[in-house]
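> Have a look at the structure that comes next, please.
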Amino acid sequence: MSYPGYPGSGYPPAGGAGYPPAPGGYPPPGGAGYPPAAGGGYPPASGGGYPPQPQPGYPPAGGGGYPPQQPGYPPSTGGYPPAPGGGYPGQQPGYPPQQPPAGYPPATGGMPSPGYQPGGPLPYNPSPLGFAGAAMATTAFRQHQPPGPGMPMPSAAPPGPANYQPPSQPPTQQHQAPSQAPSHAPAQQMANMKISDMYQYRGTGVCKDKPGFDGHKEAEILRKAMKGIGTDEKAIIDVLTSCSNKQRQKIILDYKTMYGKDLISNLKGEIKGKFENVVLGLLQLPALFDAYQLRKAMKGVGTDEAVLIEILCSRNNQQIKEIRAAYKKEFKRDLEKDIVSETSGHFKRLLVSMVQGGRSESAATDTLKAKEDAKALYEAGEKRWGTDESRFNAIFASRSVPQLRLVFDEYAKLSKYSMEDTIKREMSGDLERGMLTIVSCVRNTPKYFAEKLYKSMKGLGTDDETLMRVMISRCEIDMVQIKEEFKRNYKQTLGRFISGDTSGDYKRILIALAGGEN
């Protein structure tokens with residue numbers, strides 16, 4: 001039987017001839033056989049040739065062959081001839097198999113694709129390549145036989161039309177998975193990391209999401225508390241300390257939506273002093289609150305290094321990145337550049353390291369690596385004359401919290417001094433305080449903040465700035481644990497200690513943030 005031609009003109013010719021054509025037809029006389037003789041090759045080196053090309057070079061550069069491939073494609077047999085040296089154009093080494101299917105391409109002639117029905121539509125729009133290019137491209141979409149030598153191809157003269165028998169049923173498609181899965185980008189690897197693989201500090205806050213929260217209702221309570229003569233400070237305290245920061249942001253939005261007024265501006269007109277400072281601090285986003293504290297510590301004459309140390313050496317990577325973004329947005333300034341301009345020496349290097357937010361957050365620990373780091377710290381400090389502060393900086397700023405705990409434990413086995421005592425012996429000033437803060441937060445973060453609160457209120461006078469900053473920033477994170485450490489170490493509840501050192505609405509809102517006097 002003859003291979004039916006396509007309606008009209010085109011390929012193969014419609015002159016009644018079958019396929020392949022009789023002698024004297026195609027390939028054309030004159031030595032231009034197909035495939036091309038030695039020195040030619042397919043695809044042609046430049047322009048012209050068969051099939052015609054839409055642009056120089058085939059397949060296109062820039063990854064992938066033609067046509068675009070689905071995952072796991074091409075199959076192990078059939079398909080498009082392999083690129084020189086084995087493999088499929090545009091694919092990774094080792095994929096697909098390096099040896100081309102036997103008998104393809106044939107020396108002369110060829111057979112129609114078993115997956116293509118004559119006269120049917122092409123599996124894609126052939127217009128970019130022309131009809132001849134589209135006809136060749138259809139072989140990449142055909143259905144494939146199971147892995148093996150592939151379809152038998154003649155090696156001598158083309159057979160007559162009667163030699164071709166269409167398959168009785170479409171062969172089963174067999175797709176071979178890539179031998180090597182492409183590696184994920186680092187960001188994708190982080191996204192795929194399980195939560196259990198990452199270290200997460202878990203505390204319990206006093207201020208939590210309020211059950212049955214209704215922003216409109218809370219906004220109405222605040223409106224009534226400020227309307228008319230006088231202010232109901234108790235209502236303000238109750239609303240702001242009984243919900244989370246996220247819910248407070250909703251209250252701000254609902255207040256403006258309902259009354260066309262800004263809640264923060266209204267509160268500033270009604271309350272004053274330290275009570276106002278606490279209320280406004282609670283209404284700020286945590287990252288923005290920290291950004292304001294850092295800006296205030298560096299603005300003007302002098303620098304409050306204690307604030308820089310407390311915030312930058314106690315926050316995790318995500319918090320640091322949010323603080324940097326908030327600082328940039330609010331003040332149109334770069335936090336790192338301000339730190340560099342306000343500090344110096346090894347202390348400046350420590351803070352620059354901290355502000356990168358690049359500490360490892362892996363939950364896994366490595367005892368061998370911990371021993372190496374402990375030995376390096378010992379040799380950088382106690383064992384030598386002088387101190388190699390850069391070695392301390394590198395280890396303290398990059399190791400994960402669980403790994404640093406292990407390093408400190410291994411260090412205690414090498415030295416007669418603890419890590420804290422070594423820092424006190426080897427360093428001084430702000431660098432010493434910064435390093436000690438890192439050690440304290442690694443060992444026990446709630447204990448560190450309990451000590452900060454205790455020192456802010458003990459003796460004559462009160463360090464209200466530190467007291468407010470710690471109470472506002474930790475009330476949703478780990479205030480329950482801070483209270484426990486405070487009572488364990490100072491034999492008194494945090495609420496009672498605050499009550500004995502403050503007064504008025506300022507005292508009442510701080511006690512509410514501490515979860516009560518008891």
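Starting from 1 in every chain, residues are counted up; chains themselves are A, B, ... following the order of the structure tokens, and ligands are numbered from 1 as listed.
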Stretch 351-412 of chain A: which residues are alpha helix (DSSP H) by DSSP, as a PyMOL selection string?
chain A and resi 351-355+367-380+389-398+401-412
> Within 12 Å of A:Tyr490, counting only C-alpha atoms, which residues qualify if same-chain residues fewer than 6 places away don't, as a list in words?
Lys447, Ala450, Glu451, Leu453, Tyr454, Lys455, Lys458, Ile482, Lys483, Glu484, Arg496 and Phe497 of chain A
> Report the distance between atom CA of A:Leu285 and atom CA of A:Glu270 in Å, rounded to one decimal place.
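It comes out at 21.5 Å.
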> Find, counting only C-alpha atoms, the residue in A:Ser440, A:Thr367, A:Asn245, A:Thr493 that gets nearest to A:Glu420.
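Nearest candidate to A:Glu420 out of A:Ser440, A:Thr367, A:Asn245, A:Thr493: A:Ser440.
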